[in-house]
>>> print(open('entry21.cif').read())   # mmCIF, C-alpha atoms and all ligand atoms
data_input
loop_
_atom_site.label_atom_id
_atom_site.label_comp_id
_atom_site.auth_asym_id
_atom_site.auth_seq_id
_atom_site.Cartn_x
_atom_site.Cartn_y
_atom_site.Cartn_z
CA MET A 1 -21.87 -25.74 7.77
CA ASN A 2 -21.21 -23.13 10.44
CA VAL A 3 -17.62 -22.02 10.72
CA TYR A 4 -18.36 -20.51 14.15
CA SER A 5 -19.08 -23.96 15.59
CA PHE A 6 -15.34 -24.72 15.40
CA LYS A 7 -12.95 -23.55 18.11
CA ASP A 8 -9.53 -24.13 16.64
CA ILE A 9 -8.96 -23.49 12.95
CA ALA A 10 -5.86 -24.26 10.89
CA VAL A 11 -5.71 -22.80 7.39
CA LEU A 12 -3.41 -23.88 4.58
CA THR A 13 -3.22 -21.30 1.82
CA GLY A 14 -1.63 -21.38 -1.60
CA ALA A 15 -1.13 -19.11 -4.57
CA GLY A 16 -4.83 -19.22 -5.48
CA ILE A 17 -5.76 -16.95 -2.56
CA SER A 18 -3.57 -14.21 -4.02
CA THR A 19 -4.68 -14.41 -7.65
CA GLU A 20 -7.46 -11.92 -6.82
CA SER A 21 -4.65 -9.57 -5.79
CA SER A 22 -3.25 -9.99 -9.32
CA ILE A 23 -0.36 -12.22 -8.29
CA ALA A 24 0.04 -15.14 -10.67
CA SER A 25 -0.21 -18.68 -9.35
CA PHE A 26 2.26 -21.39 -10.38
CA ARG A 27 0.18 -24.06 -12.07
CA GLY A 28 -2.86 -23.94 -14.30
CA GLN A 29 -3.69 -21.80 -17.29
CA ASN A 30 -1.82 -18.59 -16.50
CA GLY A 31 0.56 -20.15 -14.00
CA LEU A 32 4.18 -19.01 -13.78
CA TRP A 33 5.44 -22.54 -14.45
CA LYS A 34 3.77 -22.42 -17.88
CA ASN A 35 6.17 -19.70 -19.00
CA TYR A 36 9.19 -20.25 -16.78
CA ARG A 37 11.15 -23.37 -15.91
CA PRO A 38 11.40 -23.92 -12.14
CA GLU A 39 14.68 -25.81 -12.51
CA GLU A 40 16.26 -22.67 -14.02
CA LEU A 41 14.88 -20.26 -11.43
CA ALA A 42 13.80 -21.91 -8.23
CA THR A 43 16.44 -24.40 -7.16
CA PRO A 44 19.75 -23.99 -5.29
CA GLN A 45 21.50 -25.36 -8.40
CA ALA A 46 19.94 -22.70 -10.62
CA PHE A 47 21.05 -19.99 -8.21
CA ALA A 48 24.60 -21.37 -8.02
CA LYS A 49 24.77 -21.44 -11.83
CA ASN A 50 23.27 -18.04 -12.56
CA PRO A 51 22.51 -15.85 -9.53
CA GLU A 52 21.95 -12.75 -11.70
CA LEU A 53 19.19 -14.46 -13.69
CA VAL A 54 17.51 -15.78 -10.56
CA TRP A 55 17.67 -12.35 -8.90
CA GLU A 56 16.30 -10.71 -12.04
CA TRP A 57 13.27 -13.01 -11.98
CA TYR A 58 12.73 -12.44 -8.27
CA ALA A 59 13.07 -8.68 -8.74
CA LEU A 60 10.16 -8.80 -11.20
CA ARG A 61 8.04 -10.83 -8.79
CA ILE A 62 9.02 -8.71 -5.78
CA ASN A 63 7.91 -5.57 -7.60
CA THR A 64 4.55 -7.21 -8.38
CA VAL A 65 4.09 -8.39 -4.80
CA LEU A 66 5.07 -5.08 -3.21
CA LYS A 67 2.57 -3.22 -5.40
CA ALA A 68 -0.21 -5.75 -4.73
CA LYS A 69 -2.86 -5.31 -2.05
CA PRO A 70 -4.51 -7.96 0.12
CA ASN A 71 -7.95 -8.99 -1.15
CA LYS A 72 -11.23 -9.81 0.56
CA ALA A 73 -10.17 -13.39 1.31
CA HIS A 74 -7.07 -12.22 3.19
CA TYR A 75 -9.16 -9.73 5.19
CA LEU A 76 -11.87 -12.30 6.02
CA LEU A 77 -9.26 -14.65 7.49
CA ALA A 78 -7.71 -11.81 9.48
CA ASP A 79 -11.15 -10.94 10.90
CA LEU A 80 -11.90 -14.57 11.75
CA GLU A 81 -8.67 -14.73 13.75
CA LYS A 82 -10.06 -12.03 16.05
CA THR A 83 -12.87 -14.35 17.17
CA ARG A 84 -11.14 -17.70 17.76
CA LYS A 85 -7.84 -19.59 17.64
CA LEU A 86 -6.69 -19.57 14.03
CA THR A 87 -3.32 -20.39 12.49
CA ILE A 88 -2.48 -19.77 8.85
CA ALA A 89 0.23 -21.92 7.31
CA SER A 90 0.89 -20.28 3.97
CA GLN A 91 2.89 -21.51 1.05
CA ASN A 92 2.77 -17.97 -0.28
CA VAL A 93 5.80 -15.74 -0.02
CA ASP A 94 3.85 -12.49 -0.57
CA GLN A 95 3.04 -11.59 3.07
CA LEU A 96 -0.47 -10.48 2.07
CA HIS A 97 -1.96 -12.30 5.08
CA GLN A 98 0.16 -10.21 7.44
CA ARG A 99 -0.63 -7.03 5.52
CA ALA A 100 -4.35 -7.80 5.89
CA GLY A 101 -3.84 -8.01 9.67
CA SER A 102 -3.38 -11.73 10.32
CA LYS A 103 -1.03 -12.26 13.27
CA ASN A 104 -0.60 -16.00 13.48
CA VAL A 105 1.00 -16.72 10.11
CA LEU A 106 3.54 -19.46 9.43
CA GLU A 107 5.56 -18.81 6.28
CA LEU A 108 6.22 -22.37 5.09
CA HIS A 109 8.15 -21.22 2.01
CA GLY A 110 9.78 -18.10 3.45
CA ASN A 111 9.04 -14.67 2.03
CA ILE A 112 9.96 -12.80 -1.08
CA SER A 113 10.26 -9.45 0.63
CA HIS A 114 13.71 -10.06 2.10
CA SER A 115 17.14 -11.04 0.89
CA ARG A 116 19.17 -13.43 3.03
CA CYS A 117 22.94 -13.11 3.34
CA LEU A 118 24.81 -16.20 2.20
CA GLN A 119 27.53 -15.41 4.76
CA CYS A 120 25.83 -14.19 7.94
CA ALA A 121 22.12 -15.02 7.24
CA ASN A 122 21.12 -11.40 7.90
CA LEU A 123 17.74 -10.52 6.39
CA ASP A 124 17.34 -7.22 4.52
CA LYS A 125 13.95 -5.85 3.53
CA LEU A 126 13.77 -5.19 -0.21
CA LYS A 127 12.14 -2.14 -1.73
CA ILE A 128 10.42 -1.67 -5.08
CA ASP A 129 13.00 -1.46 -7.90
CA PHE A 130 15.84 -2.51 -5.61
CA LYS A 131 19.26 -2.81 -7.22
CA HIS A 132 20.02 -6.46 -7.90
CA PRO A 133 21.74 -8.68 -7.04
CA PRO A 134 21.58 -7.04 -3.60
CA LYS A 135 24.49 -7.16 -1.13
CA CYS A 136 24.11 -7.73 2.59
CA SER A 137 23.71 -4.45 4.50
CA LYS A 138 25.78 -5.84 7.38
CA CYS A 139 28.75 -7.58 5.75
CA ASN A 140 28.42 -6.66 2.06
CA GLU A 141 28.46 -10.32 1.01
CA ASN A 142 26.21 -11.88 -1.62
CA THR A 143 22.61 -12.66 -0.75
CA ARG A 144 19.81 -14.90 -2.00
CA PRO A 145 16.03 -14.57 -1.98
CA ASN A 146 14.63 -15.57 1.43
CA VAL A 147 12.44 -18.32 0.03
CA VAL A 148 12.38 -22.12 0.02
CA TRP A 149 13.34 -23.55 -3.35
CA PHE A 150 12.60 -26.98 -4.83
CA GLY A 151 14.82 -29.55 -3.15
CA GLU A 152 15.26 -27.48 0.03
CA SER A 153 13.85 -28.24 3.46
CA LEU A 154 11.17 -26.11 5.00
CA PRO A 155 12.22 -23.98 8.00
CA GLN A 156 11.95 -26.74 10.63
CA ASN A 157 10.66 -24.66 13.52
CA THR A 158 7.95 -23.13 11.35
CA PHE A 159 6.91 -26.48 9.92
CA GLN A 160 6.77 -28.03 13.40
CA LYS A 161 4.37 -25.28 14.45
CA ALA A 162 2.24 -26.00 11.37
CA ILE A 163 2.16 -29.70 12.24
CA GLN A 164 0.99 -28.84 15.75
CA ALA A 165 -1.71 -26.52 14.43
CA PHE A 166 -3.07 -29.13 12.01
CA GLN A 167 -2.83 -31.91 14.58
CA ASN A 168 -4.83 -29.96 17.12
CA CYS A 169 -7.41 -28.13 15.01
CA ASP A 170 -11.07 -29.11 14.73
CA LEU A 171 -11.41 -27.40 11.33
CA ALA A 172 -8.75 -27.43 8.60
CA MET A 173 -9.39 -25.05 5.73
CA VAL A 174 -7.39 -25.53 2.55
CA ILE A 175 -7.67 -22.52 0.29
CA GLY A 176 -6.23 -21.93 -3.17
CA THR A 177 -3.61 -24.62 -3.37
CA SER A 178 -3.18 -27.33 -5.98
CA GLY A 179 -2.13 -29.62 -3.12
CA VAL A 180 0.71 -31.19 -5.03
CA VAL A 181 3.74 -29.72 -3.27
CA GLU A 182 4.95 -31.59 -0.20
CA PRO A 183 5.27 -31.49 2.70
CA ALA A 184 2.71 -28.65 2.90
CA ALA A 185 -0.01 -30.64 1.13
CA SER A 186 0.13 -33.40 3.76
CA LEU A 187 -1.01 -31.03 6.50
CA ALA A 188 -4.59 -31.58 5.34
CA ASN A 189 -4.19 -35.37 5.64
CA LEU A 190 -2.72 -34.93 9.09
CA ALA A 191 -5.72 -32.89 10.26
CA LYS A 192 -8.11 -35.42 8.77
CA SER A 193 -6.32 -38.33 10.45
CA LYS A 194 -6.76 -36.57 13.80
CA GLY A 195 -10.49 -36.18 13.26
CA ALA A 196 -10.72 -32.58 12.05
CA PHE A 197 -13.31 -31.44 9.51
CA VAL A 198 -11.45 -30.67 6.26
CA LEU A 199 -12.88 -27.92 4.10
CA GLU A 200 -11.44 -26.95 0.74
CA ILE A 201 -12.09 -23.78 -1.22
CA ASN A 202 -10.87 -24.06 -4.78
CA PRO A 203 -12.63 -23.60 -8.14
CA GLU A 204 -10.93 -26.80 -9.33
CA LEU A 205 -10.67 -30.38 -8.25
CA THR A 206 -7.40 -31.17 -6.41
CA PRO A 207 -5.93 -34.20 -4.60
CA ILE A 208 -7.18 -32.57 -1.36
CA SER A 209 -10.76 -32.87 -2.70
CA GLN A 210 -10.54 -36.63 -2.18
CA ILE A 211 -10.11 -36.31 1.57
CA ALA A 212 -12.09 -33.11 2.13
CA ASN A 213 -15.37 -33.36 4.04
CA LEU A 214 -16.57 -30.44 1.96
CA SER A 215 -15.16 -28.88 -1.21
CA ILE A 216 -16.47 -25.45 -2.09
CA ARG A 217 -15.96 -24.93 -5.82
CA ASP A 218 -15.52 -21.20 -5.73
CA ILE A 219 -12.85 -18.54 -5.66
CA ALA A 220 -11.42 -17.69 -2.25
CA SER A 221 -13.14 -14.32 -1.71
CA THR A 222 -16.74 -15.36 -2.41
CA GLY A 223 -16.23 -18.89 -1.09
CA LEU A 224 -15.03 -17.55 2.26
CA ASP A 225 -17.58 -14.74 2.32
CA ASN A 226 -20.49 -17.16 1.87
CA LEU A 227 -19.04 -19.47 4.46
CA ILE A 228 -18.40 -16.83 7.11
CA ASN A 229 -21.23 -14.38 6.56
CA ASN A 230 -24.17 -16.63 5.62
N1 LIG A 301 -9.44 -18.79 -5.26
C1 LIG A 301 -9.14 -20.03 -4.83
N2 LIG A 301 -8.34 -20.87 -5.50
C2 LIG A 301 -7.87 -20.46 -6.68
C3 LIG A 301 -8.15 -19.19 -7.22
C4 LIG A 301 -8.98 -18.32 -6.44
N3 LIG A 301 -9.29 -17.09 -6.86
N4 LIG A 301 -7.49 -19.08 -8.41
C5 LIG A 301 -6.85 -20.23 -8.59
N5 LIG A 301 -7.05 -21.08 -7.56
C6 LIG A 301 -6.49 -22.42 -7.32
C7 LIG A 301 -6.16 -23.22 -8.56
O1 LIG A 301 -7.29 -23.98 -8.98
C8 LIG A 301 -5.03 -24.11 -8.06
O2 LIG A 301 -5.53 -25.32 -7.52
O3 LIG A 301 -5.26 -22.21 -6.67
C9 LIG A 301 -4.38 -23.30 -6.92
C10 LIG A 301 -3.02 -22.74 -7.24
O4 LIG A 301 -2.11 -23.79 -7.37
P1 LIG A 301 -0.55 -23.57 -7.56
O5 LIG A 301 -0.32 -22.56 -8.61
O6 LIG A 301 0.06 -24.91 -7.73
O7 LIG A 301 -0.09 -22.89 -6.18
P2 LIG A 301 0.35 -23.59 -4.83
O8 LIG A 301 -0.47 -24.79 -4.54
O9 LIG A 301 0.40 -22.53 -3.80
O10 LIG A 301 1.82 -24.06 -5.18
C11 LIG A 301 2.59 -24.64 -4.16
O11 LIG A 301 4.50 -24.62 -5.61
O12 LIG A 301 6.19 -23.83 -7.04
C12 LIG A 301 5.57 -23.78 -5.89
O13 LIG A 301 6.73 -22.85 -4.11
C13 LIG A 301 5.64 -22.64 -4.95
O14 LIG A 301 4.43 -22.32 -2.88
C14 LIG A 301 4.32 -22.77 -4.22
C15 LIG A 301 4.02 -24.25 -4.31
#
>>> encode(input="entry21.cif", output="structure tokens")
Amino acid sequence: MNVYSFKDIAVLTGAGISTESSIASFRGQNGLWKNYRPEELATPQAFAKNPELVWEWYALRINTVLKAKPNKAHYLLADLEKTRKLTIASQNVDQLHQRAGSKNVLELHGNISHSRCLQCANLDKLKIDFKHPPKCSKCNENTRPNVVWFGESLPQNTFQKAIQAFQNCDLAMVIGTSGVVEPAASLANLAKSKGAFVLEINPELTPISQIANLSIRDIASTGLDNLINN
């Protein structure tokens, strides 16, 4: 399979692409949801009940993410974007795609690097070891992490762009996601239904494997490297 025979590529990424940057994924053996309960940390109800606890957990993750570096898989995708139309729709909130140089990135689940004001929606960039819970720099009101929690809608404009990208692509690559969180997971089905070639890179079997034209059972860095450079 020659990736260069495709003109328009849409890529769906998940936590697995960042595990080689030492950022934990959510499911599986060392996944965050093994040790933490999402309903206590990643829902609007959890935040309303205990904003300090939620901010404390995010502060830990933000420190990890800000210290992390993009890995080979992030850089390979950024390089591929220089040669053809390529859109990344990422479920990741770590911004490692952008830090590797990718330009066309849709943040389906927001990003962890900013707080969002509950009053005026202003976004403030967070720094390592920021004081939490942070206040809005504009109006001094309370803020929340700028991410999409369970039970919340995706940013509609961003998701519409992702739908367009997956509807129009001739190759859909699905990298490092368990494919169980909707609506992101359905982007692969959408591409398939429109006739695109669906390629998965994941060391494990996922629901996406059932519809994929090709599943590469490998980690993102070597899977992508073999695909692009061989
Ligand atoms: N390369 C490729 N894939 C990998 C690697 C790797 N190095 N390491 C692990 N994986 C795969 C796992 O096999 C698994 O299928 O990455 C996937 C990670 O799955 P999840 O932890 O469920 O992450 P993700 O699919 O991104 O989760 C979706 O759930 O709670 C949330 O909001 C959170 O955006 C997240 C969403």
>>> atom_distance(input="entry21.cif", atom1="atom C8 of ligand LIG 301 (chain A)", atom2="atom CA of Gln45 of chain A")
26.6 Å
>>> atom_distance(input="entry21.cif", atom1="atom CA of Leu86 of chain A", atom2="atom CA of Asn104 of chain A")
7.1 Å
>>> closest_atom_pairs(input="entry21.cif", of="chain A", to="ligand LIG 301 (chain A)", cutoff="9 Å", atoms="only C-alpha atoms and all ligand atoms", output="tab-separated table")
residue	atom	partner	partner_atom	distance
A:Thr13	CA	A:LIG301	O9	6.8
A:Gly14	CA	A:LIG301	O9	3.2
A:Ala15	CA	A:LIG301	O9	3.8
A:Gly16	CA	A:LIG301	O3	3.2
A:Ile17	CA	A:LIG301	N1	4.9
A:Ser18	CA	A:LIG301	N3	7.0
A:Thr19	CA	A:LIG301	N3	5.4
A:Glu20	CA	A:LIG301	N3	5.5
A:Ser21	CA	A:LIG301	N3	8.9
A:Ala24	CA	A:LIG301	O5	7.7
A:Ser25	CA	A:LIG301	O5	4.0
A:Phe26	CA	A:LIG301	O5	3.3
A:Arg27	CA	A:LIG301	O5	3.8
A:Gly28	CA	A:LIG301	O5	6.4
A:Asn30	CA	A:LIG301	O5	9.0
A:Gly31	CA	A:LIG301	O5	6.0
A:Leu32	CA	A:LIG301	O5	7.7
A:Trp33	CA	A:LIG301	O12	7.6
A:Pro38	CA	A:LIG301	O12	7.3
A:Ala42	CA	A:LIG301	O12	7.9
A:Ala73	CA	A:LIG301	N1	8.5
A:Ser90	CA	A:LIG301	O14	8.0
A:Gln91	CA	A:LIG301	O14	4.3
A:Asn92	CA	A:LIG301	O14	5.3
A:Val93	CA	A:LIG301	O14	7.3
A:Leu108	CA	A:LIG301	O14	8.2
A:His109	CA	A:LIG301	O14	6.2
A:Val147	CA	A:LIG301	O13	8.4
A:Val148	CA	A:LIG301	O13	7.0
A:Trp149	CA	A:LIG301	O13	6.7
A:Phe150	CA	A:LIG301	O13	7.2
A:Ile175	CA	A:LIG301	C1	5.9
A:Gly176	CA	A:LIG301	N2	3.3
A:Thr177	CA	A:LIG301	O8	3.4
A:Ser178	CA	A:LIG301	O2	3.5
A:Gly179	CA	A:LIG301	O8	5.3
A:Val180	CA	A:LIG301	O8	6.5
A:Val181	CA	A:LIG301	C11	5.3
A:Glu182	CA	A:LIG301	C11	8.3
A:Ala184	CA	A:LIG301	C11	8.1
A:Ala185	CA	A:LIG301	O8	8.2
A:Ile201	CA	A:LIG301	C1	6.0
A:Asn202	CA	A:LIG301	N2	4.1
A:Pro203	CA	A:LIG301	O1	5.4
A:Glu204	CA	A:LIG301	O1	4.6
A:Leu205	CA	A:LIG301	O2	7.2
A:Thr206	CA	A:LIG301	O2	6.2
A:Arg217	CA	A:LIG301	C1	8.5
A:Asp218	CA	A:LIG301	C1	6.5
A:Ile219	CA	A:LIG301	N1	3.4
A:Ala220	CA	A:LIG301	N1	3.8
A:Ser221	CA	A:LIG301	N1	6.8
A:Thr222	CA	A:LIG301	N1	8.6
A:Gly223	CA	A:LIG301	N1	8.0
>>> atom_distance(input="entry21.cif", atom1="atom CA of Ile62 of chain A", atom2="atom CA of Ile112 of chain A")
6.3 Å
>>> closest_residue(input="entry21.cif", among="A:His132, A:Lys194, A:His74, A:Arg61", to="Ile88 of chain A", atoms="only C-alpha atoms")
A:His74
>>> closest_residue(input="entry21.cif", among="A:Thr43, A:Ser102, A:Ser209, A:Ser137", to="Met173 of chain A", atoms="all atoms listed in the file")
A:Ser209
>>> closest_residue(input="entry21.cif", among="A:His97, A:Asn111, A:Lys103, A:Leu154", to="Lys69 of chain A", atoms="all atoms listed in the file")
A:His97
>>> build_atoms(input="entry21.cif", residues="segment 73-84 of chain A", atoms="all heavy atoms", output="short mmCIF file (atom, residue, chain, number, x, y, z; two decimals), keeping the file's coordinate frame")
data_model
loop_
_atom_site.label_atom_id
_atom_site.label_comp_id
_atom_site.auth_asym_id
_atom_site.auth_seq_id
_atom_site.Cartn_x
_atom_site.Cartn_y
_atom_site.Cartn_z
N ALA A 73 -10.43 -12.11 0.65
CA ALA A 73 -10.17 -13.39 1.31
C ALA A 73 -9.14 -13.23 2.43
O ALA A 73 -9.29 -13.78 3.53
CB ALA A 73 -9.71 -14.42 0.29
N HIS A 74 -8.08 -12.46 2.15
CA HIS A 74 -7.07 -12.22 3.19
C HIS A 74 -7.70 -11.50 4.39
O HIS A 74 -7.46 -11.85 5.54
CB HIS A 74 -5.93 -11.35 2.65
CG HIS A 74 -5.12 -11.97 1.55
ND1 HIS A 74 -5.20 -11.55 0.24
CD2 HIS A 74 -4.21 -12.98 1.54
CE1 HIS A 74 -4.38 -12.26 -0.51
NE2 HIS A 74 -3.77 -13.14 0.25
N TYR A 75 -8.54 -10.50 4.10
CA TYR A 75 -9.16 -9.73 5.19
C TYR A 75 -10.15 -10.58 5.99
O TYR A 75 -10.25 -10.45 7.22
CB TYR A 75 -9.85 -8.48 4.64
CG TYR A 75 -8.86 -7.41 4.23
CD1 TYR A 75 -8.71 -7.03 2.91
CD2 TYR A 75 -8.05 -6.79 5.18
CE1 TYR A 75 -7.79 -6.07 2.53
CE2 TYR A 75 -7.12 -5.82 4.81
CZ TYR A 75 -7.00 -5.46 3.49
OH TYR A 75 -6.07 -4.52 3.12
N LEU A 76 -10.90 -11.45 5.31
CA LEU A 76 -11.87 -12.30 6.02
C LEU A 76 -11.16 -13.22 7.01
O LEU A 76 -11.62 -13.43 8.13
CB LEU A 76 -12.71 -13.11 5.02
CG LEU A 76 -13.78 -12.31 4.26
CD1 LEU A 76 -14.32 -13.11 3.07
CD2 LEU A 76 -14.93 -11.93 5.20
N LEU A 77 -10.01 -13.77 6.59
CA LEU A 77 -9.26 -14.65 7.49
C LEU A 77 -8.70 -13.85 8.67
O LEU A 77 -8.70 -14.32 9.82
CB LEU A 77 -8.13 -15.35 6.74
CG LEU A 77 -8.54 -16.46 5.78
CD1 LEU A 77 -7.33 -17.01 5.04
CD2 LEU A 77 -9.26 -17.60 6.52
N ALA A 78 -8.24 -12.64 8.40
CA ALA A 78 -7.71 -11.81 9.48
C ALA A 78 -8.81 -11.49 10.49
O ALA A 78 -8.59 -11.51 11.71
CB ALA A 78 -7.11 -10.52 8.91
N ASP A 79 -10.02 -11.23 10.00
CA ASP A 79 -11.15 -10.94 10.90
C ASP A 79 -11.53 -12.17 11.72
O ASP A 79 -11.83 -12.08 12.90
CB ASP A 79 -12.38 -10.48 10.10
CG ASP A 79 -12.23 -9.04 9.67
OD1 ASP A 79 -11.31 -8.37 10.19
OD2 ASP A 79 -13.00 -8.59 8.81
N LEU A 80 -11.53 -13.33 11.05
CA LEU A 80 -11.90 -14.57 11.75
C LEU A 80 -10.93 -14.86 12.90
O LEU A 80 -11.33 -15.37 13.95
CB LEU A 80 -11.91 -15.72 10.73
CG LEU A 80 -12.60 -17.01 11.12
CD1 LEU A 80 -14.07 -16.78 11.46
CD2 LEU A 80 -12.50 -18.04 9.97
N GLU A 81 -9.68 -14.49 12.71
CA GLU A 81 -8.67 -14.73 13.75
C GLU A 81 -8.97 -13.93 15.02
O GLU A 81 -8.51 -14.28 16.10
CB GLU A 81 -7.27 -14.38 13.20
CG GLU A 81 -6.13 -14.78 14.13
CD GLU A 81 -4.77 -14.34 13.63
OE1 GLU A 81 -4.59 -14.13 12.40
OE2 GLU A 81 -3.87 -14.17 14.46
N LYS A 82 -9.74 -12.85 14.86
CA LYS A 82 -10.06 -12.03 16.05
C LYS A 82 -11.09 -12.72 16.94
O LYS A 82 -11.28 -12.35 18.08
CB LYS A 82 -10.63 -10.67 15.60
CG LYS A 82 -9.58 -9.81 14.93
CD LYS A 82 -10.18 -8.50 14.46
CE LYS A 82 -9.21 -7.73 13.60
NZ LYS A 82 -9.87 -6.91 12.59
N THR A 83 -11.78 -13.74 16.40
CA THR A 83 -12.87 -14.35 17.17
C THR A 83 -12.53 -15.73 17.72
O THR A 83 -13.29 -16.27 18.52
CB THR A 83 -14.15 -14.49 16.31
OG1 THR A 83 -13.91 -15.50 15.31
CG2 THR A 83 -14.51 -13.20 15.61
N ARG A 84 -11.48 -16.35 17.27
CA ARG A 84 -11.14 -17.70 17.76
C ARG A 84 -9.69 -18.02 17.42
O ARG A 84 -9.02 -17.27 16.73
CB ARG A 84 -12.04 -18.78 17.14
CG ARG A 84 -11.89 -18.94 15.62
CD ARG A 84 -13.17 -19.31 14.98
NE ARG A 84 -14.20 -18.39 15.44
CZ ARG A 84 -15.25 -18.76 16.21
NH1 ARG A 84 -15.42 -20.01 16.54
NH2 ARG A 84 -16.13 -17.86 16.60
#
